[in-house]
Amino acid sequence: MSEALSIVTDSTAFELSAVQYQYPVSRGRQVRPLALDELSLTVPKGQIVSILGANGSGKSTLGKLLVGLISPTKGSMTIAGLSPGSKGARWQIGYVPQELTLDPDQKGEELLALFCRLEKVSASSPHVVQIIQDLKLGDHLLKPLKACSGRSEEHTPELQSRL
């Protein structure tokens with residue numbers, strides 16, 4: 001494998017060093033599929049990164065590794081110098097899986113309350129209030145989730161006009 005390019009910076013958002021992920025053996029398979037092989041990457045804070053690739057190339061696996069849902073088979077990873085999945089690292093990175101299993105009738109404020117309880121943060125904390133303001137989510141908190149999704153058939157009138 002070719003030598004990895006590394007960007008040296010004092011302020012690293014995340015760093016992967018020779019990361020490998022091999023899926024466990026599943027029913028009907030005798031081979032452990034290799035999703036990532038010796039991936040090394042350093043991303044400085046403030047950079048926007050897009051991961052592109054064909055189906056099965058490891059994009060979702062990389063996302064799961066970065067948020068700590070799974071652990072690498074080999075290699076090491078840090079998010080802002082912290083272990084993936086640690087509370088501090090979870091505040092540094094956002095992850096939206098390909099498929100969400102949420103109640104489409106649940107309101108945004110109910111989902112916010114759930115996430116705040118999971119993170120042991122008050123929904124009225126200045127940090128949460130600031131995020132709601134910055135992302136202009138205030139009006140969406142009272143809507144059911146199905147009205148907030150671009151994939152939904154049931155859009156609010158202001159969303160319909162943009163489709």
# chains A, B, ... in the order shown; residues from 1 in each chain; ligands from 1
call {"tool": "closest_atom_pairs", "arguments": {"of": "segment 70-92 of chain A", "to": "segment 118-128 of chain A", "cutoff": "12 Å", "atoms": "only C-alpha atoms", "output": "Markdown table"}}
result
| residue | atom | partner | partner_atom | distance |
| --- | --- | --- | --- | --- |
| A:Ser86 | CA | A:Glu119 | CA | 11.3 |
| A:Lys87 | CA | A:Glu119 | CA | 8.1 |
| A:Gly88 | CA | A:Glu119 | CA | 10.6 |
| A:Arg90 | CA | A:Glu119 | CA | 9.4 |
| A:Trp91 | CA | A:Glu119 | CA | 9.5 |
call {"tool": "write_last_selection", "arguments": {"atoms": "all heavy atoms", "output": "compact mmCIF listing (two decimals), in the first residue's frame"}}
result
# COMPACT_ATOMS: atom_id res chain seq x y z
N SER A 86 -16.04 8.60 23.20
CA SER A 86 -16.01 9.24 24.52
C SER A 86 -16.94 10.45 24.49
O SER A 86 -17.24 11.00 23.43
CB SER A 86 -14.59 9.66 24.89
OG SER A 86 -14.15 10.70 24.04
N LYS A 87 -17.40 10.87 25.67
CA LYS A 87 -18.35 11.99 25.71
C LYS A 87 -17.74 13.23 25.07
O LYS A 87 -18.40 13.92 24.29
CB LYS A 87 -18.76 12.28 27.15
CG LYS A 87 -19.83 13.33 27.22
CD LYS A 87 -20.43 13.47 28.59
CE LYS A 87 -21.57 14.46 28.54
NZ LYS A 87 -22.32 14.49 29.77
N GLY A 88 -16.50 13.53 25.37
CA GLY A 88 -15.85 14.71 24.78
C GLY A 88 -15.77 14.63 23.27
O GLY A 88 -15.99 15.61 22.57
N ARG A 90 -17.79 12.88 21.33
CA ARG A 90 -19.14 12.97 20.76
C ARG A 90 -19.58 14.41 20.57
O ARG A 90 -20.38 14.72 19.70
CB ARG A 90 -20.15 12.21 21.63
CG ARG A 90 -19.99 10.70 21.51
CD ARG A 90 -21.17 9.93 22.09
NE ARG A 90 -21.70 10.43 23.31
CZ ARG A 90 -21.43 9.94 24.52
NH1 ARG A 90 -20.61 8.92 24.66
NH2 ARG A 90 -22.00 10.46 25.59
N TRP A 91 -19.06 15.33 21.38
CA TRP A 91 -19.40 16.75 21.23
C TRP A 91 -18.65 17.37 20.06
O TRP A 91 -18.96 18.48 19.63
CB TRP A 91 -19.09 17.52 22.51
CG TRP A 91 -20.18 17.38 23.52
CD1 TRP A 91 -20.20 16.53 24.59
CD2 TRP A 91 -21.43 18.08 23.55
NE1 TRP A 91 -21.37 16.66 25.27
CE2 TRP A 91 -22.15 17.61 24.66
CE3 TRP A 91 -22.00 19.05 22.75
CZ2 TRP A 91 -23.40 18.08 24.99
CZ3 TRP A 91 -23.26 19.52 23.07
CH2 TRP A 91 -23.94 19.04 24.18
call {"tool": "residues_around", "arguments": {"residues": "Arg32 of chain A", "least_positions_apart": "2", "cutoff": "6 Å", "atoms": "only C-alpha atoms", "output": "ChimeraX atom specification"}}
result
/A:23-25
call {"tool": "atom_distance", "arguments": {"atom1": "atom CA of Leu52 of chain A", "atom2": "atom CA of Val31 of chain A"}}
result
25.7 Å
call {"tool": "closest_residue", "arguments": {"among": "A:Ala80, A:Ile93, A:Leu142, A:Ala35", "to": "Ser60 of chain A", "atoms": "only C-alpha atoms"}}
result
A:Ala35
call {"tool": "closest_residue", "arguments": {"among": "A:Gln22, A:Gln106, A:Thr73, A:Gln47", "to": "His140 of chain A", "atoms": "only C-alpha atoms"}}
result
A:Gln106
call {"tool": "select_by_dssp", "arguments": {"residues": "segment 2-83 of chain A", "states": "helix (DSSP H, G or I)", "output": "list in words"}}
result
Lys59, Ser60, Thr61, Leu62, Gly63, Lys64, Leu65 and Leu66 of chain A
call {"tool": "write_last_selection", "arguments": {"atoms": "all heavy atoms", "output": "PDB file, in the first residue's frame"}}
result
ATOM      1  N   LYS A  59     -17.437   3.777   3.457  1.00  0.00           N
ATOM      2  CA  LYS A  59     -17.816   5.116   3.929  1.00  0.00           C
ATOM      3  C   LYS A  59     -18.612   5.044   5.235  1.00  0.00           C
ATOM      4  O   LYS A  59     -18.300   5.743   6.201  1.00  0.00           O
ATOM      5  CB  LYS A  59     -18.636   5.852   2.871  1.00  0.00           C
ATOM      6  CG  LYS A  59     -17.933   6.047   1.545  1.00  0.00           C
ATOM      7  CD  LYS A  59     -18.829   6.704   0.516  1.00  0.00           C
ATOM      8  CE  LYS A  59     -20.124   6.000   0.239  1.00  0.00           C
ATOM      9  NZ  LYS A  59     -20.030   4.715  -0.452  1.00  0.00           N
ATOM     10  N   SER A  60     -19.636   4.221   5.274  1.00  0.00           N
ATOM     11  CA  SER A  60     -20.453   4.097   6.493  1.00  0.00           C
ATOM     12  C   SER A  60     -19.651   3.489   7.628  1.00  0.00           C
ATOM     13  O   SER A  60     -19.808   3.891   8.781  1.00  0.00           O
ATOM     14  CB  SER A  60     -21.699   3.252   6.219  1.00  0.00           C
ATOM     15  OG  SER A  60     -22.535   3.910   5.294  1.00  0.00           O
ATOM     16  N   THR A  61     -18.790   2.555   7.315  1.00  0.00           N
ATOM     17  CA  THR A  61     -17.940   1.950   8.344  1.00  0.00           C
ATOM     18  C   THR A  61     -17.039   3.011   8.956  1.00  0.00           C
ATOM     19  O   THR A  61     -16.887   3.075  10.182  1.00  0.00           O
ATOM     20  CB  THR A  61     -17.091   0.814   7.741  1.00  0.00           C
ATOM     21  OG1 THR A  61     -17.978  -0.174   7.200  1.00  0.00           O
ATOM     22  CG2 THR A  61     -16.181   0.178   8.776  1.00  0.00           C
ATOM     23  N   LEU A  62     -16.464   3.875   8.138  1.00  0.00           N
ATOM     24  CA  LEU A  62     -15.632   4.960   8.646  1.00  0.00           C
ATOM     25  C   LEU A  62     -16.432   5.862   9.577  1.00  0.00           C
ATOM     26  O   LEU A  62     -15.955   6.230  10.651  1.00  0.00           O
ATOM     27  CB  LEU A  62     -15.038   5.770   7.488  1.00  0.00           C
ATOM     28  CG  LEU A  62     -14.209   6.988   7.885  1.00  0.00           C
ATOM     29  CD1 LEU A  62     -13.037   6.593   8.770  1.00  0.00           C
ATOM     30  CD2 LEU A  62     -13.743   7.722   6.636  1.00  0.00           C
ATOM     31  N   GLY A  63     -17.658   6.213   9.187  1.00  0.00           N
ATOM     32  CA  GLY A  63     -18.511   7.035  10.049  1.00  0.00           C
ATOM     33  C   GLY A  63     -18.764   6.375  11.388  1.00  0.00           C
ATOM     34  O   GLY A  63     -18.674   7.012  12.437  1.00  0.00           O
ATOM     35  N   LYS A  64     -19.055   5.091  11.384  1.00  0.00           N
ATOM     36  CA  LYS A  64     -19.300   4.356  12.628  1.00  0.00           C
ATOM     37  C   LYS A  64     -18.053   4.301  13.498  1.00  0.00           C
ATOM     38  O   LYS A  64     -18.138   4.373  14.728  1.00  0.00           O
ATOM     39  CB  LYS A  64     -19.791   2.937  12.317  1.00  0.00           C
ATOM     40  CG  LYS A  64     -21.178   2.900  11.721  1.00  0.00           C
ATOM     41  CD  LYS A  64     -21.544   1.472  11.323  1.00  0.00           C
ATOM     42  CE  LYS A  64     -22.838   1.444  10.544  1.00  0.00           C
ATOM     43  NZ  LYS A  64     -23.163   0.079  10.089  1.00  0.00           N
ATOM     44  N   LEU A  65     -16.897   4.173  12.875  1.00  0.00           N
ATOM     45  CA  LEU A  65     -15.637   4.182  13.633  1.00  0.00           C
ATOM     46  C   LEU A  65     -15.395   5.541  14.278  1.00  0.00           C
ATOM     47  O   LEU A  65     -15.008   5.631  15.443  1.00  0.00           O
ATOM     48  CB  LEU A  65     -14.462   3.823  12.718  1.00  0.00           C
ATOM     49  CG  LEU A  65     -14.336   2.369  12.301  1.00  0.00           C
ATOM     50  CD1 LEU A  65     -13.410   2.230  11.100  1.00  0.00           C
ATOM     51  CD2 LEU A  65     -13.841   1.524  13.458  1.00  0.00           C
ATOM     52  N   LEU A  66     -15.635   6.611  13.522  1.00  0.00           N
ATOM     53  CA  LEU A  66     -15.376   7.959  14.025  1.00  0.00           C
ATOM     54  C   LEU A  66     -16.233   8.313  15.233  1.00  0.00           C
ATOM     55  O   LEU A  66     -15.786   9.034  16.126  1.00  0.00           O
ATOM     56  CB  LEU A  66     -15.572   8.998  12.922  1.00  0.00           C
ATOM     57  CG  LEU A  66     -14.493   9.022  11.855  1.00  0.00           C
ATOM     58  CD1 LEU A  66     -14.919   9.889  10.672  1.00  0.00           C
ATOM     59  CD2 LEU A  66     -13.178   9.512  12.428  1.00  0.00           C
TER      60      LEU A  66
END
